[in-house]
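Below is structure-v2.cif, holding mmCIF, C-alpha atoms.
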data_model
loop_
_atom_site.label_atom_id
_atom_site.label_comp_id
_atom_site.auth_asym_id
_atom_site.auth_seq_id
_atom_site.Cartn_x
_atom_site.Cartn_y
_atom_site.Cartn_z
CA MET A 1 -49.77 -15.42 -42.97
CA SER A 2 -48.65 -14.42 -46.42
CA HIS A 3 -50.09 -16.20 -49.41
CA VAL A 4 -48.06 -16.58 -52.58
CA SER A 5 -48.83 -13.81 -55.07
CA ARG A 6 -49.70 -15.51 -58.35
CA GLY A 7 -47.15 -14.63 -61.01
CA PHE A 8 -44.77 -12.81 -58.70
CA SER A 9 -41.17 -13.97 -58.51
CA GLY A 10 -39.41 -10.83 -57.31
CA ARG A 11 -36.72 -8.97 -59.17
CA ARG A 12 -34.22 -7.58 -56.72
CA ARG A 13 -32.43 -10.50 -55.18
CA ASP A 14 -28.85 -9.46 -55.63
CA ALA A 15 -28.47 -8.13 -52.08
CA PRO A 16 -25.58 -9.61 -50.10
CA ALA A 17 -26.74 -12.46 -47.88
CA GLY A 18 -27.77 -11.45 -44.39
CA ARG A 19 -27.79 -7.70 -45.02
CA LEU A 20 -31.34 -7.11 -46.17
CA PRO A 21 -34.00 -7.13 -43.43
CA PRO A 22 -37.39 -8.72 -44.26
CA GLY A 23 -39.59 -6.77 -46.68
CA GLN A 24 -36.76 -4.42 -47.70
CA TYR A 25 -35.12 -3.89 -51.09
CA ASP A 26 -31.69 -2.59 -52.04
CA VAL A 27 -32.06 0.91 -53.48
CA GLY A 28 -28.57 0.72 -54.99
CA ASP A 29 -27.04 4.08 -55.80
CA GLY A 30 -30.22 6.05 -55.12
CA PHE A 31 -30.82 7.93 -51.90
CA PRO A 32 -34.53 8.74 -51.50
CA VAL A 33 -35.46 11.89 -49.62
CA LEU A 34 -38.18 11.80 -46.98
CA SER A 35 -39.53 14.52 -44.76
CA ALA A 36 -42.84 15.67 -43.41
CA GLY A 37 -42.54 19.33 -44.32
CA PRO A 38 -40.28 22.02 -45.75
CA VAL A 39 -36.51 21.58 -45.58
CA PRO A 40 -35.12 24.00 -42.97
CA TYR A 41 -31.98 25.79 -44.12
CA THR A 42 -29.95 26.50 -40.99
CA GLU A 43 -26.62 28.26 -41.38
CA PRO A 44 -23.78 26.80 -39.32
CA ASP A 45 -23.36 30.04 -37.34
CA GLU A 46 -27.01 29.77 -36.26
CA TRP A 47 -26.63 26.10 -35.37
CA ASP A 48 -25.90 24.61 -31.98
CA PHE A 49 -26.36 21.24 -30.36
CA THR A 50 -27.65 20.86 -26.82
CA VAL A 51 -28.07 18.02 -24.37
CA GLN A 52 -30.82 18.89 -21.91
CA GLY A 53 -33.68 17.50 -19.82
CA GLN A 54 -32.86 15.29 -16.84
CA VAL A 55 -29.17 16.19 -16.77
CA ASP A 56 -26.85 17.62 -14.13
CA GLU A 57 -26.07 20.53 -16.43
CA VAL A 58 -27.20 21.52 -19.91
CA ARG A 59 -24.42 21.04 -22.46
CA ARG A 60 -24.23 23.21 -25.56
CA TRP A 61 -21.85 23.16 -28.51
CA SER A 62 -21.69 25.84 -31.18
CA TRP A 63 -20.89 24.69 -34.73
CA GLN A 64 -17.23 25.58 -34.20
CA GLU A 65 -17.11 23.72 -30.89
CA PHE A 66 -18.87 20.72 -32.39
CA LYS A 67 -16.31 20.61 -35.18
CA GLN A 68 -13.51 20.42 -32.58
CA LEU A 69 -14.90 17.26 -30.96
CA PRO A 70 -13.29 13.90 -31.71
CA ARG A 71 -14.66 12.61 -35.02
CA GLU A 72 -15.23 9.15 -36.42
CA PRO A 73 -15.83 7.79 -39.90
CA VAL A 74 -18.83 5.46 -40.00
CA THR A 75 -19.77 3.06 -42.80
CA VAL A 76 -23.14 1.41 -42.24
CA ASP A 77 -26.22 -0.08 -43.92
CA ILE A 78 -29.40 1.96 -43.47
CA HIS A 79 -33.01 0.78 -43.62
CA CYS A 80 -36.04 3.00 -44.25
CA VAL A 81 -39.49 1.92 -43.08
CA THR A 82 -40.84 2.70 -46.57
CA SER A 83 -38.87 -0.43 -47.56
CA TRP A 84 -35.67 0.75 -49.18
CA SER A 85 -32.28 -0.14 -47.73
CA LYS A 86 -28.94 1.31 -48.72
CA PHE A 87 -25.70 -0.53 -48.12
CA ALA A 88 -22.35 0.80 -46.97
CA THR A 89 -23.28 4.45 -46.61
CA ARG A 90 -20.27 6.55 -45.56
CA TRP A 91 -20.67 9.22 -42.90
CA GLU A 92 -18.49 11.20 -40.55
CA GLY A 93 -19.34 12.86 -37.28
CA VAL A 94 -19.29 12.73 -33.51
CA SER A 95 -20.34 9.70 -31.52
CA VAL A 96 -23.29 10.32 -29.19
CA GLU A 97 -21.16 8.53 -26.60
CA THR A 98 -18.71 11.44 -26.88
CA LEU A 99 -21.49 14.02 -26.49
CA LEU A 100 -22.86 12.29 -23.40
CA ALA A 101 -19.47 11.42 -21.88
CA GLU A 102 -19.59 13.93 -19.06
CA VAL A 103 -23.35 14.13 -18.67
CA GLU A 104 -24.88 12.72 -15.52
CA THR A 105 -28.49 11.69 -15.95
CA ALA A 106 -31.18 9.65 -14.25
CA GLY A 107 -33.04 9.37 -17.57
CA ASP A 108 -33.31 6.15 -19.53
CA TYR A 109 -34.86 7.71 -22.64
CA VAL A 110 -33.81 10.20 -25.27
CA LEU A 111 -35.95 12.50 -27.40
CA ALA A 112 -34.01 13.91 -30.34
CA PHE A 113 -35.32 17.25 -31.60
CA SER A 114 -34.75 19.04 -34.88
CA ASP A 115 -35.21 22.29 -36.75
CA GLY A 116 -38.71 22.27 -38.22
CA GLY A 117 -40.19 20.64 -35.11
CA TYR A 118 -39.41 16.99 -35.84
CA THR A 119 -38.77 14.69 -32.87
CA THR A 120 -38.04 10.99 -32.39
CA ASN A 121 -37.61 8.92 -29.25
CA LEU A 122 -35.04 6.26 -28.40
CA PRO A 123 -33.92 4.32 -25.36
CA LEU A 124 -30.68 5.80 -24.02
CA ASP A 125 -29.05 2.37 -24.37
CA ASP A 126 -29.57 2.58 -28.13
CA VAL A 127 -27.54 5.74 -28.64
CA VAL A 128 -24.48 4.97 -26.47
CA ASP A 129 -21.64 2.46 -26.84
CA GLY A 130 -20.93 3.44 -30.45
CA LYS A 131 -24.47 2.79 -31.70
CA ALA A 132 -25.33 6.37 -32.74
CA TRP A 133 -23.65 9.49 -34.11
CA VAL A 134 -24.36 13.10 -34.97
CA VAL A 135 -23.01 13.28 -38.52
CA ASP A 136 -22.27 16.32 -40.68
CA THR A 137 -20.57 14.60 -43.60
CA TYR A 138 -21.93 12.16 -46.18
CA ASP A 139 -19.73 10.40 -48.71
CA GLY A 140 -16.89 12.84 -48.06
CA SER A 141 -18.93 16.04 -48.52
CA PRO A 142 -20.85 18.32 -46.14
CA LEU A 143 -24.29 16.86 -45.52
CA GLU A 144 -26.85 18.40 -47.92
CA PRO A 145 -29.87 20.12 -46.32
CA GLU A 146 -32.28 17.70 -48.02
CA HIS A 147 -30.51 14.79 -46.32
CA GLY A 148 -30.50 16.54 -42.94
CA GLY A 149 -27.62 19.01 -43.04
CA PRO A 150 -25.96 20.73 -41.35
CA ALA A 151 -26.15 17.66 -39.09
CA ARG A 152 -28.37 14.66 -38.50
CA LEU A 153 -28.60 11.84 -36.05
CA LEU A 154 -27.43 8.45 -37.36
CA VAL A 155 -28.82 5.37 -35.60
CA PRO A 156 -28.33 2.70 -38.26
CA HIS A 157 -29.59 -0.31 -36.30
CA LEU A 158 -33.12 1.16 -36.24
CA TYR A 159 -35.42 2.24 -39.09
CA PHE A 160 -34.12 5.46 -40.56
CA TRP A 161 -36.86 7.76 -39.24
CA LYS A 162 -35.03 7.42 -35.91
CA SER A 163 -31.99 9.09 -37.55
CA ALA A 164 -33.47 12.58 -37.15
CA LYS A 165 -32.55 15.08 -39.87
CA TRP A 166 -31.58 18.64 -38.92
CA VAL A 167 -30.98 17.50 -35.36
CA ARG A 168 -30.34 20.20 -32.79
CA GLY A 169 -30.14 18.26 -29.57
CA LEU A 170 -31.17 15.49 -27.25
CA VAL A 171 -33.55 15.68 -24.31
CA LEU A 172 -32.90 13.05 -21.64
CA ASN A 173 -36.17 11.88 -20.12
CA LEU A 174 -37.23 9.77 -17.15
CA VAL A 175 -40.18 8.47 -19.16
CA ASP A 176 -40.43 7.49 -22.82
CA GLU A 177 -42.08 10.28 -24.80
CA PRO A 178 -43.21 9.30 -28.32
CA GLY A 179 -41.81 11.42 -31.14
CA PHE A 180 -43.36 12.65 -34.38
CA TRP A 181 -43.92 9.46 -36.41
CA GLU A 182 -44.28 7.41 -33.22
CA ASN A 183 -47.39 9.53 -32.52
CA PHE A 184 -48.75 8.71 -35.99
CA GLY A 185 -48.85 4.96 -35.61
CA TYR A 186 -45.26 4.02 -36.37
CA HIS A 187 -43.51 1.58 -34.05
CA ASN A 188 -42.07 3.00 -30.85
CA TYR A 189 -38.73 1.18 -31.25
CA GLY A 190 -38.36 0.33 -34.95
CA ASP A 191 -36.05 -2.67 -35.29
CA PRO A 192 -35.87 -3.46 -39.03
CA TRP A 193 -34.77 -7.06 -38.38
CA LYS A 194 -37.97 -7.66 -36.43
CA GLU A 195 -39.93 -5.63 -38.99
CA GLN A 196 -41.24 -3.26 -36.34
CA ARG A 197 -42.79 -0.81 -38.81
CA TYR A 198 -46.04 0.08 -37.10
CA ALA A 199 -47.43 0.10 -33.58
CA GLY A 200 -48.26 -3.46 -32.59
CA ASP A 201 -45.62 -5.15 -34.81
CA MET B 1 -60.96 -7.37 -56.74
CA ALA B 2 -61.10 -5.49 -60.02
CA VAL B 3 -58.40 -3.72 -62.03
CA THR B 4 -59.23 -0.99 -64.52
CA ARG B 5 -57.14 1.19 -66.80
CA GLU B 6 -56.83 4.76 -65.57
CA THR B 7 -54.18 6.02 -68.02
CA PRO B 8 -51.67 4.16 -70.22
CA ARG B 9 -49.33 3.85 -67.23
CA VAL B 10 -51.80 3.82 -64.37
CA ARG B 11 -54.28 1.24 -63.07
CA ARG B 12 -57.06 1.53 -60.54
CA ILE B 13 -57.43 -1.43 -58.18
CA ARG B 14 -60.70 -1.93 -56.32
CA LEU B 15 -60.49 -4.04 -53.18
CA ARG B 16 -62.84 -5.29 -50.52
CA PRO B 17 -60.46 -6.03 -47.66
CA PRO B 18 -62.14 -8.16 -45.00
CA ASP B 19 -62.55 -6.40 -41.66
CA TRP B 20 -61.58 -3.03 -43.11
CA PRO B 21 -61.75 -0.67 -40.12
CA GLY B 22 -62.37 2.45 -42.22
CA HIS B 23 -59.87 5.12 -43.11
CA VAL B 24 -59.24 8.84 -43.26
CA ALA B 25 -58.76 10.57 -46.62
CA GLY B 26 -55.03 10.74 -47.32
CA GLN B 27 -54.03 7.48 -45.62
CA HIS B 28 -52.23 4.68 -47.44
CA VAL B 29 -51.90 0.91 -47.38
CA ASP B 30 -48.87 -1.32 -47.60
CA VAL B 31 -49.12 -3.91 -50.35
CA ARG B 32 -47.02 -7.03 -49.85
CA LEU B 33 -46.16 -9.52 -52.59
CA THR B 34 -44.81 -12.96 -51.77
CA ALA B 35 -42.90 -15.19 -54.20
CA PRO B 36 -43.19 -19.00 -54.09
CA ASP B 37 -39.88 -19.24 -52.21
CA GLY B 38 -41.06 -16.85 -49.50
CA TYR B 39 -39.29 -13.73 -50.81
CA THR B 40 -41.41 -10.66 -50.11
CA ALA B 41 -41.54 -7.11 -51.41
CA GLN B 42 -43.75 -4.37 -50.10
CA ARG B 43 -44.57 -0.78 -51.00
CA SER B 44 -47.00 1.87 -49.84
CA TYR B 45 -49.87 3.12 -52.01
CA SER B 46 -52.26 5.94 -51.27
CA ILE B 47 -55.97 5.22 -51.00
CA ALA B 48 -57.96 7.05 -53.70
CA SER B 49 -61.45 6.35 -52.37
CA PRO B 50 -63.24 8.36 -49.69
CA PRO B 51 -64.02 6.90 -46.24
CA SER B 52 -67.73 6.71 -47.11
CA GLN B 53 -67.16 4.19 -49.91
CA PRO B 54 -67.17 0.51 -48.90
CA GLU B 55 -64.68 -0.48 -51.60
CA VAL B 56 -61.09 0.60 -51.13
CA GLU B 57 -59.48 1.91 -54.30
CA LEU B 58 -55.78 2.22 -55.02
CA ILE B 59 -54.38 4.03 -58.04
CA VAL B 60 -50.96 2.75 -59.02
CA GLU B 61 -48.53 4.16 -61.57
CA ARG B 62 -46.15 1.76 -63.30
CA LEU B 63 -42.53 2.54 -62.55
CA ASP B 64 -40.45 0.81 -65.21
CA ASP B 65 -37.63 -0.13 -62.85
CA GLY B 66 -40.00 -0.88 -59.99
CA GLU B 67 -40.58 -4.27 -58.46
CA VAL B 68 -44.10 -4.03 -57.07
CA SER B 69 -45.82 -1.48 -59.32
CA PRO B 70 -45.24 -3.41 -62.61
CA TYR B 71 -46.80 -6.47 -60.99
CA LEU B 72 -49.83 -4.45 -59.91
CA THR B 73 -50.28 -2.72 -63.27
CA ASP B 74 -49.39 -5.62 -65.63
CA GLU B 75 -50.00 -8.92 -63.83
CA LEU B 76 -52.70 -8.49 -61.22
CA ARG B 77 -56.21 -9.35 -62.33
CA ALA B 78 -59.72 -9.92 -61.02
CA GLY B 79 -59.86 -12.89 -58.69
CA ASP B 80 -56.28 -12.59 -57.43
CA LEU B 81 -55.70 -12.19 -53.74
CA LEU B 82 -53.68 -9.17 -52.68
CA GLU B 83 -52.16 -8.79 -49.24
CA VAL B 84 -52.73 -5.27 -47.96
CA ARG B 85 -52.15 -3.75 -44.57
CA GLY B 86 -53.74 -0.57 -43.38
CA PRO B 87 -54.95 2.02 -43.25
CA ILE B 88 -51.62 3.59 -42.31
CA GLY B 89 -50.58 7.15 -41.57
CA GLY B 90 -52.29 9.90 -39.64
CA TYR B 91 -50.19 12.85 -40.72
CA PHE B 92 -50.73 13.56 -44.41
CA VAL B 93 -54.52 13.50 -44.16
CA TRP B 94 -57.46 15.76 -44.89
CA PRO B 95 -57.40 18.58 -42.29
CA GLU B 96 -60.91 17.89 -41.01
CA HIS B 97 -60.92 20.71 -38.48
CA SER B 98 -58.60 23.21 -40.08
CA GLY B 99 -61.23 25.96 -40.30
CA THR B 100 -59.30 27.60 -43.11
CA ALA B 101 -59.01 27.07 -46.83
CA VAL B 102 -57.15 23.98 -48.00
CA GLN B 103 -54.65 24.10 -50.85
CA LEU B 104 -53.62 20.80 -52.43
CA VAL B 105 -50.75 20.56 -54.91
CA ALA B 106 -50.01 17.38 -56.86
CA GLY B 107 -47.37 16.29 -59.31
CA GLY B 108 -48.26 13.24 -61.44
CA SER B 109 -49.52 10.28 -59.43
CA GLY B 110 -49.06 12.38 -56.29
CA VAL B 111 -52.67 13.35 -56.95
CA VAL B 112 -54.00 10.05 -55.57
CA PRO B 113 -54.43 11.02 -51.89
CA PHE B 114 -56.12 14.21 -53.10
CA VAL B 115 -58.63 12.21 -55.14
CA ALA B 116 -59.72 10.71 -51.82
CA MET B 117 -59.71 14.10 -50.10
CA LEU B 118 -61.82 15.80 -52.77
CA ALA B 119 -64.28 12.89 -52.77
CA HIS B 120 -64.50 13.14 -49.00
CA HIS B 121 -64.97 16.90 -49.24
CA ARG B 122 -67.88 16.28 -51.58
CA THR B 123 -69.52 13.36 -49.79
CA SER B 124 -69.21 14.90 -46.34
CA GLY B 125 -70.75 18.18 -47.48
CA SER B 126 -67.77 20.14 -46.21
CA SER B 127 -67.99 23.91 -46.57
CA VAL B 128 -64.22 24.42 -46.38
CA PRO B 129 -62.99 25.95 -49.64
CA VAL B 130 -60.49 23.59 -51.25
CA ARG B 131 -58.29 24.05 -54.28
CA LEU B 132 -56.22 21.51 -56.15
CA LEU B 133 -53.34 22.50 -58.36
CA TYR B 134 -52.38 19.44 -60.40
CA SER B 135 -49.38 19.15 -62.68
CA ALA B 136 -49.59 16.39 -65.30
CA ARG B 137 -47.32 15.62 -68.22
CA THR B 138 -49.97 15.42 -70.90
CA ASP B 139 -53.75 15.19 -71.16
CA ALA B 140 -53.45 11.40 -71.47
CA ASP B 141 -51.69 11.25 -68.08
CA VAL B 142 -54.51 12.88 -66.12
CA ILE B 143 -55.68 10.57 -63.33
CA ALA B 144 -59.25 10.50 -62.00
CA ARG B 145 -60.45 12.97 -64.59
CA GLU B 146 -64.15 12.63 -63.74
CA GLU B 147 -63.66 12.86 -59.99
CA LEU B 148 -61.52 15.98 -60.36
CA ARG B 149 -64.11 18.03 -62.20
CA PRO B 150 -64.42 21.39 -60.44
CA ARG B 151 -67.60 21.87 -58.45
CA PRO B 152 -68.89 24.52 -56.06
CA GLY B 153 -66.46 24.89 -53.18
CA SER B 154 -63.68 22.94 -54.85
CA ALA B 155 -61.54 24.38 -57.62
CA VAL B 156 -59.21 22.27 -59.73
CA VAL B 157 -56.48 23.84 -61.84
CA LEU B 158 -54.50 21.65 -64.21
CA THR B 159 -51.17 22.49 -65.76
CA PHE B 160 -49.43 20.42 -68.43
CA THR B 161 -45.66 20.15 -68.36
CA ARG B 162 -45.18 18.47 -71.75
CA ASP B 163 -48.10 18.77 -74.15
CA ALA B 164 -51.38 20.53 -73.53
CA PRO B 165 -54.51 19.73 -75.58
CA ALA B 166 -54.82 21.87 -78.72
CA ASP B 167 -57.74 23.87 -77.31
CA TRP B 168 -56.19 24.28 -73.83
CA THR B 169 -56.52 27.76 -72.37
CA GLY B 170 -55.29 27.01 -68.85
CA PRO B 171 -51.77 27.18 -67.47
CA ARG B 172 -48.86 25.34 -69.02
CA GLY B 173 -45.48 24.34 -67.74
CA ARG B 174 -44.11 23.43 -64.36
CA ILE B 175 -45.52 24.93 -61.19
CA ASP B 176 -43.37 27.98 -60.52
CA ARG B 177 -43.82 31.07 -58.39
CA GLU B 178 -45.96 32.93 -60.90
CA LEU B 179 -48.28 29.98 -61.35
CA LEU B 180 -48.63 29.60 -57.58
CA VAL B 181 -49.40 33.29 -57.08
CA ARG B 182 -52.03 33.14 -59.79
CA HIS B 183 -53.66 29.81 -58.97
CA SER B 184 -53.27 29.03 -55.26
CA ALA B 185 -54.78 30.31 -52.02
CA PRO B 186 -52.81 33.41 -50.93
CA PRO B 187 -50.90 33.65 -47.63
CA GLU B 188 -53.56 36.03 -46.23
CA GLN B 189 -55.96 33.07 -46.13
CA SER B 190 -53.47 31.00 -44.10
CA PRO B 191 -54.45 27.88 -46.02
CA ALA B 192 -53.52 24.41 -44.88
CA ILE B 193 -51.18 23.28 -47.67
CA LEU B 194 -50.58 19.66 -48.69
CA ILE B 195 -48.05 18.84 -51.40
CA CYS B 196 -47.53 15.38 -52.91
CA GLY B 197 -45.38 14.20 -55.79
CA SER B 198 -41.82 13.27 -56.64
CA THR B 199 -39.03 14.57 -54.43
CA PRO B 200 -37.85 17.29 -56.87
CA PHE B 201 -41.46 18.40 -57.38
CA VAL B 202 -42.19 18.56 -53.66
CA GLU B 203 -38.92 20.37 -52.90
CA ALA B 204 -39.45 22.99 -55.62
CA VAL B 205 -43.10 23.70 -54.83
CA THR B 206 -42.49 23.81 -51.07
CA ARG B 207 -39.67 26.30 -51.52
CA GLU B 208 -41.89 28.58 -53.59
CA PHE B 209 -44.74 28.46 -51.07
CA VAL B 210 -42.36 29.51 -48.29
CA ALA B 211 -40.87 32.21 -50.54
CA ILE B 212 -44.27 33.83 -51.23
CA GLY B 213 -45.00 34.09 -47.53
CA HIS B 214 -46.71 30.91 -46.33
CA ALA B 215 -45.71 29.67 -42.87
CA ALA B 216 -43.60 26.50 -42.98
CA GLU B 217 -45.75 24.92 -40.26
CA ARG B 218 -48.83 25.17 -42.51
CA ILE B 219 -47.17 22.97 -45.14
CA LYS B 220 -47.28 19.17 -45.13
CA THR B 221 -45.43 17.16 -47.73
CA GLU B 222 -45.46 13.60 -48.94
CA ARG B 223 -43.39 11.89 -51.57
CA TYR B 224 -45.29 9.15 -53.38
CA GLY B 225 -46.87 7.24 -50.54
CA GLY B 226 -46.20 6.64 -46.89
CA MET B 227 -43.29 8.56 -45.55
CA GLY B 228 -42.10 8.92 -49.11
CA ASP B 229 -41.57 5.71 -51.01
CA THR B 230 -40.08 6.31 -54.44
CA SER B 231 -40.87 3.01 -56.10
#
Could you quickly redo this structure as structure tokens?
Amino acid sequence: MSHVSRGFSGRRRDAPAGRLPPGQYDVGDGFPVLSAGPVPYTEPDEWDFTVQGQVDEVRRWSWQEFKQLPREPVTVDIHCVTSWSKFATRWEGVSVETLLAEVETAGDYVLAFSDGGYTTNLPLDDVVDGKAWVVDTYDGSPLEPEHGGPARLLVPHLYFWKSAKWVRGLVLNLVDEPGFWENFGYHNYGDPWKEQRYAGD
Amino acid sequence: MAVTRETPRVRRIRLRPPDWPGHVAGQHVDVRLTAPDGYTAQRSYSIASPPSQPEVELIVERLDDGEVSPYLTDELRAGDLLEVRGPIGGYFVWPEHSGTAVQLVAGGSGVVPFVAMLAHHRTSGSSVPVRLLYSARTDADVIAREELRPRPGSAVVLTFTRDAPADWTGPRGRIDRELLVRHSAPPEQSPAILICGSTPFVEAVTREFVAIGHAAERIKTERYGGMGDTS
């Protein structure tokens, strides 16, 4: 159990009640950038999004086709495992529910994959029913490459490494396949409210 | 525990965590502070000591608007208990079996994981050629000066972005393409490249490495601890 740190009182306590998971702080107007390697710069005409794996038929959308799909504005709090949280971030994009609407699958797991080789795994249940989006707009502007543009996954109820930057598709799997950080000791599920930062939490 | 002054803004913290399982050079720990009312704050800090050393050393820079780092640099003292968790991270670590040259590039306190890597390189008798390119503001800001002295098989190049010492003959200014071409392992050597520092630093240096012909998959980046804590 935690002991009290002599002389520590904490400085950032102005977060709205009930919105800051344990061990997190409110980053305010900042928006830290995290990635494991170089930022890939993918032009929209080279971009597509596919749903593949254990599916009846592979689905593919070009950038133009993706832009024609029904869109939703999303305003959510996000929580990074490195301990910053950011409240009321404004995004716009396509619900994963919409992308999977006509897909028939026996899989219960999803592996999101990205330009640059990044992957992250999620239970299928955690990306449907309006819990996840593929977003291409942040705060009213096209999503910057350093924040994952042209498009990133947004799964705000899990730690933010699950919201894969530069996402290019989803693989539906029968078995749960750990992604990039999940293979390096980070928690397989990543619920910030249960502080599931690392394997074993 | 002991705390010593590394630079005006930086402290070195020596710990003896009970049941420390050992670590790999480049890994970090999470430090958690708890207030009397149960409020907690935690941040990630890179380990500066090599795996062969029984004491675990952290090197922490004070961020003026930070919550945890000012406590560690200003308040913490010998005898205090500090809650740490780790070691954490298996990605941004010394490439033990790379078989090629290793190029390290640090901005400011981003040098800390490389202090551990160079110490490990030395203590393990590694024959892999390693180079560190280290950008500091001024001479007074240089961290781990003694440990970063060049030795056979490991080259250290410093550049000063604000003021260089009067007798300085080495490079000056920010790390740009020309400085990289002159002072880093060339693409023909296919070096493993590790870059650590602030986000703008990491972005700029990474872009230049790709532009001069290094493969993106040879480049690993980290922003100030863990997956990239900024405070």
- [ ] Rank A:Thr105, A:Gln196, A:Asn183, A:Thr98 by their smallest atom-to-atom distance to chain B, using only C-alpha atoms, and report the top residue only.
- [x]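 Answer, going by the shortest atom-to-atom distance: A:Asn183.
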Go through range 78-154 of chain A residue by residue and, counting all atoms listed in the file, keep those with an atom at most 12 Å from range 161-170 of chain A; for each kept residue give the shortest atom pair and its distance in Å to one decimal, ordered by chain and increasing number, as a tab-separated table.
residue	atom	partner	partner_atom	distance
A:Ile78	CA	A:Ser163	CA	9.6
A:His79	CA	A:Trp161	CA	9.1
A:Cys80	CA	A:Trp161	CA	7.0
A:Val81	CA	A:Trp161	CA	7.5
A:Thr82	CA	A:Trp161	CA	9.8
A:Ser83	CA	A:Trp161	CA	11.8
A:Val96	CA	A:Leu170	CA	9.6
A:Leu99	CA	A:Leu170	CA	9.8
A:Leu100	CA	A:Leu170	CA	9.7
A:Val103	CA	A:Leu170	CA	11.7
A:Gly107	CA	A:Leu170	CA	11.6
A:Tyr109	CA	A:Leu170	CA	9.8
A:Val110	CA	A:Leu170	CA	6.2
A:Leu111	CA	A:Leu170	CA	5.6
A:Ala112	CA	A:Leu170	CA	4.5
A:Phe113	CA	A:Gly169	CA	5.7
A:Ser114	CA	A:Val167	CA	4.1
A:Asp115	CA	A:Trp166	CA	5.6
A:Gly116	CA	A:Trp166	CA	8.0
A:Gly117	CA	A:Trp166	CA	9.6
A:Tyr118	CA	A:Ala164	CA	7.5
A:Thr119	CA	A:Ala164	CA	7.1
A:Thr120	CA	A:Lys162	CA	5.8
A:Asn121	CA	A:Lys162	CA	7.3
A:Leu122	CA	A:Lys162	CA	7.6
A:Pro123	CA	A:Lys162	CA	11.1
A:Leu124	CA	A:Leu170	CA	10.2
A:Asp126	CA	A:Lys162	CA	10.7
A:Val127	CA	A:Leu170	CA	10.5
A:Lys131	CA	A:Ser163	CA	11.4
A:Ala132	CA	A:Ser163	CA	8.7
A:Trp133	CA	A:Ser163	CA	9.0
A:Val134	CA	A:Val167	CA	8.0
A:Val135	CA	A:Val167	CA	9.6
A:Asp136	CA	A:Trp166	CA	9.8
A:Leu143	CA	A:Trp166	CA	10.0
A:Glu144	CA	A:Trp166	CA	10.2
A:Pro145	CA	A:Trp166	CA	7.7
A:Glu146	CA	A:Lys165	CA	8.6
A:His147	CA	A:Lys165	CA	6.8
A:Gly148	CA	A:Lys165	CA	4.0
A:Gly149	CA	A:Trp166	CA	5.7
A:Pro150	CA	A:Trp166	CA	6.5
A:Ala151	CA	A:Trp166	CA	5.5
A:Arg152	CA	A:Lys165	CA	4.4
A:Leu153	CA	A:Ser163	CA	4.6
A:Leu154	CA	A:Ser163	CA	4.6
Give me the chain B side of the contact with chain A, cut-off 7 Å, one line per residue showing its nearest atom pair and distance in Å at one decimal, counting only C-alpha atoms, sorted by chain and residue number, as CSV.
residue,atom,partner,partner_atom,distance
B:Leu33,CA,A:Ser5,CA,5.6
B:Thr34,CA,A:Val4,CA,4.9
B:Ala35,CA,A:Ser9,CA,4.8
B:Pro36,CA,A:Val4,CA,5.6
B:Thr40,CA,A:Gly23,CA,5.5
B:Ala41,CA,A:Gly23,CA,5.1
B:Gln42,CA,A:Gly23,CA,5.9
B:Arg43,CA,A:Ser83,CA,6.7
B:Glu67,CA,A:Arg11,CA,6.1
B:Glu75,CA,A:Gly7,CA,7.0
B:Gly89,CA,A:Phe184,CA,6.1
B:Gly90,CA,A:Phe184,CA,5.2
B:Tyr91,CA,A:Phe184,CA,6.4
B:Thr199,CA,A:Val33,CA,6.6
B:Thr206,CA,A:Pro38,CA,6.0
B:Ala216,CA,A:Pro38,CA,6.2
B:Ile219,CA,A:Gly37,CA,5.9
B:Lys220,CA,A:Gly37,CA,4.8
B:Thr221,CA,A:Gly37,CA,5.0
B:Glu222,CA,A:Ala36,CA,6.5
B:Arg223,CA,A:Leu34,CA,6.9
B:Gly226,CA,A:Thr82,CA,6.7
B:Met227,CA,A:Leu34,CA,6.2
B:Gly228,CA,A:Leu34,CA,5.3
B:Asp229,CA,A:Thr82,CA,5.4
B:Thr230,CA,A:Pro32,CA,6.7
Open item on the list: Using Å and a single decimal, report how far CA of Gly213 in chain B sits from CA of Pro186 in chain B.
Closed with: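 CA of Pro186 in chain B sits 8.5 Å away from CA of Gly213 in chain B.
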- [ ] Just say which residues the PyMOL selection byres ((chain A and resi 156) around 7) picks in this file, as number ranges by chain.
- [x] A: 76-78, 154-155, 157-158, 160
Output for the residues just chosen: C-alpha atoms as a CSV table (one decimal), keeping the file's coordinate frame:
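The new file part13.csv reads:
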chain,number,residue,atom,x,y,z
A,76,VAL,CA,-23.1,1.4,-42.2
A,77,ASP,CA,-26.2,-0.1,-43.9
A,78,ILE,CA,-29.4,2.0,-43.5
A,154,LEU,CA,-27.4,8.4,-37.4
A,155,VAL,CA,-28.8,5.4,-35.6
A,157,HIS,CA,-29.6,-0.3,-36.3
A,158,LEU,CA,-33.1,1.2,-36.2
A,160,PHE,CA,-34.1,5.5,-40.6
Open item on the list: Just checking: using all atoms listed in the file, which residue out of B:Met1, B:Ala185, B:Leu81, B:Cys196 ends up closest to His214 in chain B?
Closed with: B:Ala185
Task: Contacts of Ile59 in chain B at 10 Å (all atoms listed in the file; same-chain gap of 5+ positions) as a list in words - done: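 In the requested format, the answer is Val3, Thr4, Arg5, Glu6, Val10, Arg11, Arg12, Ile13, Arg14, Tyr45, Ser46, Ile47, Ala48, Ser49, Leu72, Thr73, Ser109, Val111, Val112, Pro113, Val115, Ile143 and Ala144 of chain B.
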